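input_22.cif follows; it contains mmCIF, C-alpha atoms and all ligand atoms.
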data_structure
#
loop_
_atom_site.label_atom_id
_atom_site.label_comp_id
_atom_site.auth_asym_id
_atom_site.auth_seq_id
_atom_site.Cartn_x
_atom_site.Cartn_y
_atom_site.Cartn_z
CA MET A 90 120.18 24.77 66.30
CA SER A 91 117.73 27.27 64.82
CA LEU A 92 117.85 29.13 61.52
CA ALA A 93 117.84 32.90 61.12
CA PRO A 94 114.53 34.80 60.82
CA LEU A 95 113.08 34.96 57.29
CA GLY A 96 111.91 38.57 57.49
CA PRO A 97 109.94 41.08 59.55
CA PRO A 98 106.98 39.85 61.59
CA VAL A 99 103.60 39.43 59.88
CA PRO A 100 101.00 40.53 62.47
CA GLY A 101 97.91 38.57 63.46
CA PHE A 102 94.51 40.03 62.60
CA SER A 103 91.05 40.20 64.13
CA ILE A 104 87.91 38.33 63.14
CA GLY A 105 85.29 40.69 64.48
CA SER A 106 85.97 40.89 68.22
CA VAL A 107 88.37 37.91 68.24
CA ALA A 108 92.03 38.92 67.99
CA LEU A 109 94.46 36.31 66.61
CA SER A 110 98.01 36.37 67.96
CA SER A 111 99.35 34.85 64.73
CA PRO A 112 98.18 34.93 61.09
CA LEU A 113 98.59 31.12 61.00
CA LEU A 114 95.39 29.05 61.15
CA LEU A 115 95.22 25.28 61.61
CA ALA A 116 92.79 23.86 59.02
CA PRO A 117 89.65 21.87 59.77
CA MET A 118 90.29 18.22 58.85
CA GLU A 119 87.73 15.45 59.15
CA ASP A 120 88.91 12.53 61.32
CA VAL A 121 92.09 14.46 62.14
CA SER A 122 91.14 17.74 63.86
CA ALA A 123 89.77 16.12 67.00
CA GLN A 124 90.33 17.82 70.34
CA PRO A 125 93.58 15.96 71.23
CA PHE A 126 95.16 16.87 67.87
CA ARG A 127 94.13 20.51 68.28
CA ARG A 128 95.49 20.70 71.83
CA LEU A 129 98.85 19.23 70.84
CA ALA A 130 99.09 21.61 67.89
CA LYS A 131 98.22 24.52 70.14
CA ARG A 132 100.80 23.55 72.77
CA ILE A 133 103.65 23.04 70.31
CA ALA A 134 102.91 25.60 67.60
CA GLN A 135 100.52 28.23 69.02
CA PRO A 136 98.64 28.91 65.77
CA GLY A 137 96.37 31.97 65.88
CA LEU A 138 93.22 29.88 65.42
CA VAL A 139 92.29 26.20 65.36
CA PHE A 140 89.19 24.64 63.76
CA THR A 141 87.17 21.56 64.61
CA GLU A 142 86.58 19.08 61.80
CA PHE A 143 83.32 19.82 60.01
CA VAL A 144 80.20 18.99 61.98
CA SER A 145 77.00 17.91 60.25
CA ALA A 146 74.17 20.32 61.12
CA MET A 147 71.63 17.65 60.21
CA ALA A 148 73.24 15.09 62.55
CA ILE A 149 73.10 17.64 65.37
CA HIS A 150 69.46 18.35 64.50
CA TYR A 151 68.72 14.64 64.98
CA GLY A 152 70.62 14.58 68.28
CA ALA A 153 73.61 12.42 67.27
CA LEU A 154 75.79 12.35 70.39
CA LYS A 155 78.88 11.23 68.47
CA THR A 156 78.60 14.37 66.35
CA LEU A 157 77.96 16.58 69.38
CA LYS A 158 81.24 15.33 70.88
CA LYS A 159 83.10 16.84 67.93
CA MET A 160 82.09 20.25 69.29
CA GLN A 161 83.55 19.68 72.78
CA ILE A 162 86.07 22.38 73.53
CA HIS A 163 88.99 22.44 75.97
CA PRO A 164 89.97 25.86 77.38
CA GLU A 165 93.57 25.34 76.16
CA GLU A 166 92.49 25.52 72.54
CA ARG A 167 91.06 29.00 72.48
CA PRO A 168 90.45 30.82 70.26
CA LEU A 169 88.65 28.08 68.36
CA ALA A 170 86.28 27.93 65.41
CA ILE A 171 83.60 25.26 65.14
CA GLN A 172 82.97 24.43 61.50
CA ILE A 173 79.52 23.22 60.45
CA PHE A 174 78.07 22.03 57.16
CA GLY A 175 74.57 21.64 55.80
CA GLY A 176 72.22 22.75 53.07
CA GLU A 177 69.24 24.10 55.01
CA PRO A 178 69.30 27.60 56.49
CA ASP A 179 67.10 26.80 59.54
CA VAL A 180 69.02 23.68 60.48
CA MET A 181 72.32 25.50 60.03
CA ALA A 182 71.10 28.36 62.23
CA GLU A 183 70.00 25.93 64.94
CA THR A 184 73.38 24.15 64.93
CA ALA A 185 75.22 27.47 64.91
CA ARG A 186 73.38 28.41 68.12
CA ILE A 187 74.36 25.10 69.73
CA ALA A 188 78.00 25.65 68.67
CA GLU A 189 77.90 29.07 70.29
CA GLU A 190 76.49 27.55 73.48
CA MET A 191 79.27 24.94 73.41
CA GLY A 192 81.74 27.83 73.59
CA ALA A 193 82.91 28.44 70.01
CA ASP A 194 84.72 31.75 69.52
CA ILE A 195 84.01 31.72 65.77
CA LEU A 196 81.37 29.89 63.74
CA ASP A 197 82.74 28.70 60.39
CA ILE A 198 80.58 27.45 57.52
CA ASN A 199 81.97 24.80 55.18
CA MET A 200 81.46 25.41 51.47
CA GLY A 201 84.52 23.56 50.31
CA CYS A 202 83.93 19.87 50.87
CA TRP A 203 83.71 18.21 47.47
CA VAL A 204 83.02 14.57 48.47
CA PRO A 205 79.80 13.16 46.95
CA LYS A 206 78.23 12.08 50.26
CA VAL A 207 78.28 15.74 51.38
CA CYS A 208 77.55 17.45 48.05
CA LYS A 209 74.55 15.26 47.21
CA THR A 210 72.74 16.74 50.22
CA GLY A 211 73.27 20.24 48.80
CA SER A 212 75.97 20.95 51.43
CA GLY A 213 79.68 21.79 51.29
CA ALA A 214 81.01 22.71 47.87
CA ALA A 215 77.60 22.05 46.24
CA LEU A 216 76.65 25.49 47.56
CA LEU A 217 79.19 27.06 45.20
CA LYS A 218 76.74 26.13 42.43
CA ASP A 219 73.76 27.58 44.30
CA PRO A 220 74.69 31.11 45.41
CA ASP A 221 71.15 32.03 46.51
CA THR A 222 70.88 29.16 48.98
CA ALA A 223 74.47 29.78 50.08
CA GLU A 224 73.56 33.40 50.82
CA LYS A 225 70.41 32.39 52.72
CA ILE A 226 72.44 30.01 54.88
CA VAL A 227 74.96 32.72 55.70
CA GLN A 228 72.21 35.24 56.51
CA ALA A 229 70.41 32.74 58.79
CA VAL A 230 73.60 31.81 60.63
CA VAL A 231 74.76 35.41 61.09
CA ARG A 232 71.31 36.27 62.52
CA ALA A 233 71.37 33.25 64.85
CA VAL A 234 74.61 33.92 66.74
CA LYS A 235 76.49 36.76 68.42
CA ILE A 236 79.96 35.34 67.72
CA PRO A 237 81.70 36.22 64.43
CA VAL A 238 80.84 34.03 61.44
CA SER A 239 83.30 32.99 58.73
CA VAL A 240 83.05 30.87 55.58
CA LYS A 241 85.53 28.51 53.91
CA VAL A 242 85.10 28.16 50.16
CA ARG A 243 86.84 26.71 47.15
CA ALA A 244 87.25 28.81 43.99
CA GLY A 245 84.10 27.38 42.40
CA TRP A 246 82.60 24.07 41.35
CA ASP A 247 84.72 23.60 38.23
CA TYR A 248 86.92 25.65 35.93
CA SER A 249 83.90 27.05 34.06
CA LEU A 250 83.18 29.61 36.81
CA PHE A 251 85.38 31.35 39.39
CA ALA A 252 82.41 31.70 41.74
CA ALA A 253 84.25 32.86 44.86
CA PRO A 254 84.31 36.66 44.20
CA ASP A 255 80.50 36.94 43.76
CA LEU A 256 79.89 34.71 46.79
CA ALA A 257 82.45 36.63 48.84
CA ARG A 258 80.68 39.97 48.19
CA ARG A 259 77.28 38.49 49.05
CA PHE A 260 78.63 36.91 52.26
CA GLN A 261 80.39 40.10 53.28
CA ASP A 262 77.11 42.00 52.84
CA ALA A 263 75.37 39.32 54.91
CA GLY A 264 77.81 40.01 57.76
CA ILE A 265 80.59 37.41 57.73
CA GLN A 266 83.86 38.58 59.25
CA MET A 267 86.43 36.34 57.55
CA LEU A 268 86.68 34.27 54.40
CA THR A 269 89.05 31.40 53.65
CA LEU A 270 89.81 30.29 50.11
CA HIS A 271 91.21 26.83 49.40
CA ALA A 272 92.70 27.74 46.05
CA ARG A 273 91.35 24.80 44.06
CA PHE A 274 88.03 24.09 42.34
CA ALA A 275 85.75 21.49 43.94
CA LYS A 276 86.00 19.13 40.95
CA GLN A 277 89.77 18.96 41.45
CA GLY A 278 89.59 17.30 44.85
CA PHE A 279 93.23 17.48 45.84
CA GLU A 280 94.62 17.16 42.32
CA GLY A 281 97.08 19.57 40.80
CA GLU A 282 98.66 22.44 42.66
CA ALA A 283 96.67 25.06 44.52
CA ASP A 284 96.58 28.16 42.30
CA TRP A 285 97.40 31.07 44.59
CA ARG A 286 96.56 33.56 41.82
CA LEU A 287 92.92 32.83 42.72
CA ILE A 288 93.57 34.20 46.22
CA GLU A 289 95.14 37.32 44.75
CA SER A 290 92.10 37.81 42.47
CA LEU A 291 89.71 37.39 45.38
CA ARG A 292 91.58 39.92 47.52
CA SER A 293 90.08 42.95 45.79
CA ALA A 294 86.52 41.55 46.05
CA VAL A 295 86.22 41.97 49.84
CA GLN A 296 87.44 44.15 52.69
CA ILE A 297 87.07 41.52 55.45
CA PRO A 298 90.12 39.42 56.39
CA LEU A 299 90.97 36.89 53.69
CA VAL A 300 92.82 33.67 54.52
CA GLY A 301 94.67 31.74 51.83
CA ASN A 302 94.87 27.95 51.86
CA GLY A 303 96.42 25.21 49.78
CA ASP A 304 99.81 23.52 49.65
CA VAL A 305 101.59 25.59 52.31
CA LYS A 306 104.22 23.32 53.85
CA THR A 307 107.05 25.58 54.99
CA PRO A 308 107.58 29.03 56.54
CA GLU A 309 108.88 30.19 53.16
CA ASP A 310 105.64 29.05 51.47
CA ALA A 311 103.56 30.90 54.08
CA ARG A 312 105.43 34.18 53.66
CA ARG A 313 105.31 33.87 49.89
CA MET A 314 101.55 33.29 49.95
CA ILE A 315 101.00 36.46 51.99
CA GLU A 316 103.44 38.51 49.92
CA THR A 317 102.16 37.45 46.52
CA THR A 318 98.41 37.39 47.20
CA GLY A 319 97.83 40.11 49.82
CA CYS A 320 95.91 37.70 52.07
CA ASP A 321 95.80 38.40 55.82
CA GLY A 322 96.38 34.86 57.06
CA VAL A 323 97.51 31.42 55.98
CA MET A 324 95.69 28.18 56.75
CA VAL A 325 97.70 24.96 56.92
CA GLY A 326 96.25 21.45 56.84
CA ARG A 327 98.12 18.37 55.65
CA ALA A 328 101.60 19.59 56.56
CA ALA A 329 100.51 19.67 60.22
CA ILE A 330 99.20 16.10 60.44
CA SER A 331 101.33 14.26 63.03
CA ASN A 332 103.77 17.12 62.64
CA PRO A 333 102.97 20.10 64.88
CA TRP A 334 106.66 21.04 64.62
CA ALA A 335 106.12 21.98 60.95
CA LEU A 336 103.32 24.24 62.13
CA ALA A 337 105.63 25.71 64.81
CA ARG A 338 108.23 26.52 62.16
CA ILE A 339 105.61 28.23 60.01
CA ARG A 340 104.33 30.26 62.96
CA ALA A 341 107.89 31.29 63.89
CA GLY A 342 108.68 32.12 60.25
CA LEU A 343 105.66 34.41 60.05
CA ALA A 344 106.46 35.99 63.42
CA GLY A 345 109.94 36.94 62.22
CA GLU A 346 111.51 34.64 64.83
CA SER A 347 114.37 32.19 64.44
CA LEU A 348 113.10 28.90 63.08
CA PRO A 349 113.05 26.12 65.68
CA ALA A 350 114.97 22.93 64.90
CA GLY A 351 112.96 19.88 63.83
CA PRO A 352 112.12 17.18 66.41
CA THR A 353 114.33 14.23 67.24
CA LEU A 354 113.00 10.71 66.66
CA SER A 355 112.49 10.35 70.44
CA GLU A 356 110.37 13.48 70.50
CA ARG A 357 108.26 12.25 67.60
CA ILE A 358 107.72 8.88 69.26
CA ALA A 359 106.93 10.46 72.62
CA LEU A 360 104.32 12.70 71.00
CA ALA A 361 102.76 9.79 69.10
CA LEU A 362 102.27 8.02 72.43
CA GLU A 363 100.95 11.12 74.14
CA HIS A 364 98.51 11.64 71.27
CA CYS A 365 97.29 8.05 71.76
CA GLN A 366 96.78 8.54 75.47
CA MET A 367 95.01 11.86 74.96
CA GLN A 368 92.68 10.30 72.40
CA VAL A 369 91.86 7.52 74.87
CA CYS A 370 91.18 10.10 77.62
CA PHE A 371 88.98 12.09 75.25
CA GLU A 372 86.97 9.00 74.40
CA ALA A 373 86.74 7.95 78.04
CA GLU A 374 85.98 11.50 79.23
CA VAL A 375 88.74 11.45 81.86
CA ASP A 376 91.42 14.09 82.45
CA ALA A 377 94.44 11.79 82.85
CA TYR A 378 95.32 8.37 81.43
CA GLU A 379 96.22 7.06 84.90
CA GLU A 380 92.61 7.60 85.98
CA MET A 381 91.76 4.54 83.90
CA ASP A 382 93.91 2.21 86.02
CA GLY A 383 90.88 1.33 88.12
CA TRP A 384 88.64 0.61 85.12
CA LYS A 385 87.28 -2.82 84.28
CA PRO A 386 89.71 -4.32 81.70
CA GLU A 387 86.96 -4.96 79.11
CA ALA A 388 85.68 -1.37 79.25
CA ARG A 389 89.20 0.01 79.00
CA ALA A 390 90.12 -2.31 76.12
CA GLU A 391 87.05 -1.22 74.16
CA ILE A 392 87.81 2.49 74.56
CA GLU A 393 91.51 2.03 73.74
CA LEU A 394 90.67 0.08 70.60
CA ARG A 395 88.25 2.80 69.47
CA ALA A 396 90.75 5.58 70.13
CA ILE A 397 93.63 3.82 68.40
CA ARG A 398 91.47 3.01 65.38
CA GLN A 399 90.78 6.72 65.04
CA LEU A 400 94.51 7.43 64.96
CA ARG A 401 95.33 4.59 62.56
CA GLY A 402 96.18 7.01 59.75
CA GLN A 403 98.03 9.46 61.94
CA LEU A 404 100.28 7.27 64.13
CA PRO A 405 102.56 5.99 61.33
CA MET A 406 102.99 9.55 60.09
CA TYR A 407 104.84 10.47 63.27
CA ILE A 408 107.76 8.36 62.06
CA LYS A 409 107.33 8.93 58.32
CA GLY A 410 110.61 9.18 56.45
CA GLU A 411 112.64 7.10 58.95
CA PRO A 412 114.25 3.93 57.59
CA GLY A 413 111.94 0.97 58.23
CA ALA A 414 108.90 3.18 58.90
CA ALA A 415 106.86 1.56 56.12
CA HIS A 416 107.13 -1.85 57.83
CA VAL A 417 106.11 -0.38 61.21
CA ARG A 418 103.03 1.19 59.58
CA SER A 419 101.35 -2.21 59.27
CA LEU A 420 102.39 -3.18 62.82
CA LEU A 421 100.92 0.03 64.20
CA THR A 422 97.73 -0.47 62.21
CA ALA A 423 97.27 -3.83 63.93
CA CYS A 424 97.69 -2.44 67.47
CA SER A 425 94.64 -2.45 69.71
CA SER A 426 95.95 -0.88 72.94
CA VAL A 427 98.24 1.91 74.09
CA ALA A 428 100.60 -0.74 75.52
CA GLU A 429 100.92 -2.35 72.07
CA VAL A 430 101.56 1.00 70.39
CA ARG A 431 104.18 1.80 73.02
CA SER A 432 105.98 -1.49 72.56
CA THR A 433 105.86 -1.32 68.73
CA LEU A 434 107.35 2.17 68.76
CA ALA A 435 109.93 1.19 71.41
CA GLN A 436 111.14 -1.71 69.25
CA PHE A 437 111.31 0.56 66.24
CA GLN A 438 113.30 3.14 68.15
CA PHE A 439 115.64 0.51 69.55
CA ALA A 440 116.33 -0.72 66.01
CA GLN A 441 117.14 2.87 64.92
CA ASP A 442 119.30 3.77 67.89
CA PRO A 443 119.65 1.45 70.91
CA ARG A 444 120.96 4.36 73.03
CA GLU A 445 117.61 6.13 72.77
CA ALA A 446 115.25 3.33 73.71
CA VAL A 447 111.94 4.47 75.22
CA PRO A 448 110.70 2.86 78.41
CA THR A 449 108.12 0.16 77.60
CA ALA A 450 106.07 0.59 80.75
C1 LIG B 1 92.03 14.48 55.95
C2 LIG B 1 91.44 15.80 55.55
C3 LIG B 1 90.19 16.16 56.04
C4 LIG B 1 89.65 17.40 55.70
N1 LIG B 1 88.46 17.78 56.28
C5 LIG B 1 88.00 19.05 56.09
C6 LIG B 1 86.88 19.55 56.82
O1 LIG B 1 86.30 18.87 57.68
N2 LIG B 1 86.48 20.83 56.56
C7 LIG B 1 87.11 21.63 55.63
O2 LIG B 1 86.72 22.78 55.43
N3 LIG B 1 88.17 21.18 54.94
C8 LIG B 1 88.65 19.94 55.17
N4 LIG B 1 89.78 19.52 54.53
C9 LIG B 1 90.49 20.46 53.65
C10 LIG B 1 91.55 21.25 54.42
O3 LIG B 1 90.96 22.05 55.43
C11 LIG B 1 92.37 22.14 53.49
O4 LIG B 1 91.50 23.04 52.85
C12 LIG B 1 93.10 21.34 52.42
O5 LIG B 1 93.73 20.19 52.99
C13 LIG B 1 94.16 22.20 51.70
O6 LIG B 1 95.12 22.67 52.61
P1 LIG B 1 96.58 21.97 52.76
O7 LIG B 1 97.20 21.97 51.39
O8 LIG B 1 97.31 22.84 53.73
O9 LIG B 1 96.35 20.58 53.26
C14 LIG B 1 90.33 18.28 54.82
C15 LIG B 1 91.56 17.89 54.31
C16 LIG B 1 92.13 16.67 54.66
C17 LIG B 1 93.48 16.29 54.12
#

Take the structure I supplied and represent it as structure tokens, if you would.
Amino acid sequence: MSLAPLGPPVPGFSIGSVALSSPLLLAPMEDVSAQPFRRLAKRIAQPGLVFTEFVSAMAIHYGALKTLKKMQIHPEERPLAIQIFGGEPDVMAETARIAEEMGADILDINMGCWVPKVCKTGSGAALLKDPDTAEKIVQAVVRAVKIPVSVKVRAGWDYSLFAAPDLARRFQDAGIQMLTLHARFAKQGFEGEADWRLIESLRSAVQIPLVGNGDVKTPEDARRMIETTGCDGVMVGRAAISNPWALARIRAGLAGESLPAGPTLSERIALALEHCQMQVCFEAEVDAYEEMDGWKPEARAEIELRAIRQLRGQLPMYIKGEPGAAHVRSLLTACSSVAEVRSTLAQFQFAQDPREAVPTA
């Protein structure tokens, strides 16, 4: 069953030469927005644009292969933005060029990350306190690449200064083609509610597309953000973790379509397993999970353990809210192979509804 449309369609917009089919953007999220997550979100929800998690320009400069892998793109994900962070214009420009060579459609610069390990290097949200360096970084990156450049900011460092409007004007003059505002100050972390009035205030500062971000969970939220702030697009993060169906509802709500029904428990469990297998394939650099049947057991076990560790936070969220899910969280956290994840989820599903048991092999 699907619910009636919420209103007329809200069109996508263009970031320079890149046209977005929907005004919904999937947020960059460290340790979440890996390629398998992005591909699943794209398949189920078709957001207008997906982002990689932030990529350290300095790590790329020093040739860290693990970091380079974060920039690997699959054709299914396009259009895609690679997000980079750093505090030095030359290093940022160099990494931007590599991101362009890796196939990014958009190059996004992070100026919103508030965590100390990032800010103490003069990167992320620390740049909100240093507008001259921020501007130099943007100028260097825009000069370095042919693809459109965008920036994601918070409102400012703390409540003493709403820094975003001045920065936005400088960045627009430097040639960026989209700006995203996470409507909180850096010092807040994730505390309090996002204050969408900040997005509305920023709207009149720039003519380039403005994307609002913060606390959008439903199609109603997304429409309200656009209506009340005048932003061109909506970026969604946490509501989409292990829940691409929430993203699909938001996209449909913005497109003026009927809202799709939520997933069944079987669908959620099936997607959790598929996510696991895709993460293993990504780590192993193979196209299909079955290709690993011929692998040496030790090599396969090592890759599966690594992949499942990366999904430790996300797997339990696929069944969040179901009775008994809290207990299964610890069982899933202890799993070290796809087979163990499959059997844990199968037992859980059997306990919920024996008629819907998933095959264990
Ligand atoms: C686990 C996690 C990791 C994040 N990593 C990044 C990141 O790499 N780059 C970035 O710009 N923002 C990052 N963010 C912030 C989100 O992109 C987004 O701005 C924030 O979650 C607010 O949106 P939401 O209320 O829709 O979640 C992260 C957020 C979360 C929850």

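The shortest atom-to-atom distance to Arg313 (chain A), with only C-alpha atoms taken into account, belongs to A:Ile339 out of A:Ala328, A:Ile339, A:Ala182, A:Ala440.
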
How close does each residue of region 169-262 of chain A get to region 136-144 of chain A, giving the shortest atom pair and distance in Å to one decimal for every residue with an atom at most 12 Å away, counting all atoms listed in the file, sorted by chain and residue number, as CSV?
residue,atom,partner,partner_atom,distance
A:Leu169,CA,A:Val139,CA,5.1
A:Ala170,CA,A:Phe140,CA,4.7
A:Ile171,CA,A:Thr141,CA,5.2
A:Gln172,CA,A:Phe143,CA,4.9
A:Ile173,CA,A:Val144,CA,4.5
A:Phe174,CA,A:Val144,CA,6.1
A:Gly175,CA,A:Val144,CA,8.8
A:Met181,CA,A:Val144,CA,10.4
A:Thr184,CA,A:Val144,CA,9.0
A:Ala185,CA,A:Val144,CA,10.3
A:Ile187,CA,A:Val144,CA,11.5
A:Ala188,CA,A:Val144,CA,9.7
A:Ala193,CA,A:Phe140,CA,9.6
A:Asp194,CA,A:Leu138,CA,9.6
A:Ile195,CA,A:Phe140,CA,9.0
A:Leu196,CA,A:Phe140,CA,9.4
A:Asp197,CA,A:Phe140,CA,8.3
A:Ile198,CA,A:Phe143,CA,8.5
A:Asn199,CA,A:Phe143,CA,7.1
A:Met200,CA,A:Phe143,CA,10.4
A:Gly201,CA,A:Phe143,CA,10.5
A:Cys202,CA,A:Phe143,CA,9.2
A:Val207,CA,A:Phe143,CA,10.8
A:Ser212,CA,A:Phe143,CA,11.4
A:Gly213,CA,A:Phe143,CA,9.7
A:Ser239,CA,A:Phe140,CA,11.4
A:Val240,CA,A:Phe143,CA,11.9
A:Lys241,CA,A:Phe143,CA,10.8

Distance query 12 Å from (89.0, 27.9, 50.5) using all atoms listed in the file, result as a PDB file with C-alpha atoms, in the frame of the given file:
ATOM      1  CA  ALA A 116      92.790  23.860  59.020  1.00  0.00           C
ATOM      2  CA  PRO A 117      89.650  21.870  59.770  1.00  0.00           C
ATOM      3  CA  ASP A 197      82.740  28.700  60.390  1.00  0.00           C
ATOM      4  CA  ILE A 198      80.580  27.450  57.520  1.00  0.00           C
ATOM      5  CA  ASN A 199      81.970  24.800  55.180  1.00  0.00           C
ATOM      6  CA  MET A 200      81.460  25.410  51.470  1.00  0.00           C
ATOM      7  CA  GLY A 201      84.520  23.560  50.310  1.00  0.00           C
ATOM      8  CA  CYS A 202      83.930  19.870  50.870  1.00  0.00           C
ATOM      9  CA  TRP A 203      83.710  18.210  47.470  1.00  0.00           C
ATOM     10  CA  GLY A 213      79.680  21.790  51.290  1.00  0.00           C
ATOM     11  CA  ALA A 214      81.010  22.710  47.870  1.00  0.00           C
ATOM     12  CA  LEU A 217      79.190  27.060  45.200  1.00  0.00           C
ATOM     13  CA  SER A 239      83.300  32.990  58.730  1.00  0.00           C
ATOM     14  CA  VAL A 240      83.050  30.870  55.580  1.00  0.00           C
ATOM     15  CA  LYS A 241      85.530  28.510  53.910  1.00  0.00           C
ATOM     16  CA  VAL A 242      85.100  28.160  50.160  1.00  0.00           C
ATOM     17  CA  ARG A 243      86.840  26.710  47.150  1.00  0.00           C
ATOM     18  CA  ALA A 244      87.250  28.810  43.990  1.00  0.00           C
ATOM     19  CA  GLY A 245      84.100  27.380  42.400  1.00  0.00           C
ATOM     20  CA  TRP A 246      82.600  24.070  41.350  1.00  0.00           C
ATOM     21  CA  ALA A 252      82.410  31.700  41.740  1.00  0.00           C
ATOM     22  CA  ALA A 253      84.250  32.860  44.860  1.00  0.00           C
ATOM     23  CA  PRO A 254      84.310  36.660  44.200  1.00  0.00           C
ATOM     24  CA  LEU A 256      79.890  34.710  46.790  1.00  0.00           C
ATOM     25  CA  ALA A 257      82.450  36.630  48.840  1.00  0.00           C
ATOM     26  CA  MET A 267      86.430  36.340  57.550  1.00  0.00           C
ATOM     27  CA  LEU A 268      86.680  34.270  54.400  1.00  0.00           C
ATOM     28  CA  THR A 269      89.050  31.400  53.650  1.00  0.00           C
ATOM     29  CA  LEU A 270      89.810  30.290  50.110  1.00  0.00           C
ATOM     30  CA  HIS A 271      91.210  26.830  49.400  1.00  0.00           C
ATOM     31  CA  ALA A 272      92.700  27.740  46.050  1.00  0.00           C
ATOM     32  CA  ARG A 273      91.350  24.800  44.060  1.00  0.00           C
ATOM     33  CA  PHE A 274      88.030  24.090  42.340  1.00  0.00           C
ATOM     34  CA  ALA A 275      85.750  21.490  43.940  1.00  0.00           C
ATOM     35  CA  ALA A 283      96.670  25.060  44.520  1.00  0.00           C
ATOM     36  CA  ASP A 284      96.580  28.160  42.300  1.00  0.00           C
ATOM     37  CA  TRP A 285      97.400  31.070  44.590  1.00  0.00           C
ATOM     38  CA  LEU A 287      92.920  32.830  42.720  1.00  0.00           C
ATOM     39  CA  ILE A 288      93.570  34.200  46.220  1.00  0.00           C
ATOM     40  CA  LEU A 291      89.710  37.390  45.380  1.00  0.00           C
ATOM     41  CA  LEU A 299      90.970  36.890  53.690  1.00  0.00           C
ATOM     42  CA  VAL A 300      92.820  33.670  54.520  1.00  0.00           C
ATOM     43  CA  GLY A 301      94.670  31.740  51.830  1.00  0.00           C
ATOM     44  CA  ASN A 302      94.870  27.950  51.860  1.00  0.00           C
ATOM     45  CA  GLY A 303      96.420  25.210  49.780  1.00  0.00           C
ATOM     46  CA  ASP A 304      99.810  23.520  49.650  1.00  0.00           C
ATOM     47  CA  VAL A 323      97.510  31.420  55.980  1.00  0.00           C
ATOM     48  CA  MET A 324      95.690  28.180  56.750  1.00  0.00           C
ATOM     49  CA  VAL A 325      97.700  24.960  56.920  1.00  0.00           C
ATOM     50  CA  GLY A 326      96.250  21.450  56.840  1.00  0.00           C
TER      51      GLY A 326
END

Exercise. In Å, with one decimal, what is the gap from CA of His364 (chain A) to CA of Val107 (chain A)?
Worked result: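 Between these atoms lies a distance of 28.3 Å.
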
For this session: Pick out the residues sitting within 8 Å of Gly345 (chain A), and hand them over as a ChimeraX atom specification; count all atoms listed in the file, and ignore anything fewer than 3 positions along from it in its own chain.
Result: /A:94-99,341-342

Exercise. Which one is closest to Met406 (chain A): A:Ala335, A:Cys208, A:Leu113, A:Ala361? Count all atoms listed in the file.
Worked result: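 Smallest separation from Met406 (chain A) among the options: A:Ala361.
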
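With only C-alpha atoms and all ligand atoms as the atoms that count, the residue of A:Leu400, A:Cys370, A:Ala359, A:Ala108 with the shortest distance to ligand LIG 1 (chain B) is A:Leu400.
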
Take every atom of ligand LIG 1 (chain B) listed in the file, fit an axis-aligned box around them, add 8 Å per side, and give the centre and edge lengths in Å to one decimal as AutoDock Vina command-line options.
--center_x 91.8 --center_y 18.8 --center_z 54.5 --size_x 27.0 --size_y 24.6 --size_z 22.3

Exercise. Of the candidates A:Gln277, A:Gln366, A:Thr353, A:Thr422, which one gets nearest to ligand LIG 1 (chain B) if we count only C-alpha atoms and all ligand atoms?
Worked result: A:Gln277

Problem set entry | Selection: 7 Å around Ile397 (chain A), all atoms listed in the file, excl. self and same-chain fewer than 5 positions, as number ranges by chain | A: 365, 425-426

For this session: Go through A:Ala93, A:Gln438, A:Thr210, A:Leu420 one by one, measure the shortest atom-to-atom distance of each to Ala350 (chain A) using only C-alpha atoms, and give the residue with the smallest value.
Result: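 Of all the options, A:Ala93 lies closest to Ala350 (chain A).
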
Problem set entry | Spatial neighbours of region 411-419 of chain A, max dist 8 Å, only C-alpha atoms, sep filter under 3 positions, as a list in words |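 Counting only C-alpha atoms, the residues come to Pro405, Ile408, Thr422, Ala423, Thr433, Phe437 and Gln441 of chain A.
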
Exercise. For ligand LIG 1 (chain B), which residue among A:Leu129, A:Leu348, A:Ile265, A:Ala311 is the nearest when counting only C-alpha atoms and all ligand atoms?
Worked result: A:Ala311

For this session: Provide the CA of Thr222 (chain A) to atom C7 of ligand LIG 1 (chain B) distance in Å, to one decimal place.
Result: 19.1 Å

For this session: Could you jot down the CA of Met367 (chain A) to atom O5 of ligand LIG 1 (chain B) separation for me, Å, one decimal place?
Result: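 Rounded to one decimal, the two atoms are 23.5 Å apart.
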
Exercise. Around (91.5, 14.8, 70.9) in the file's own coordinates, what residues are found within 9 Å if you use only C-alpha atoms, given back as a list in words?
Worked result: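 Those residues lying close to the given coordinates are Val121, Ser122, Ala123, Gln124, Pro125, Phe126, Arg127, Arg128, Leu129, His364, Cys365, Met367, Gln368, Val369, Cys370, Phe371 and Glu372 of chain A.
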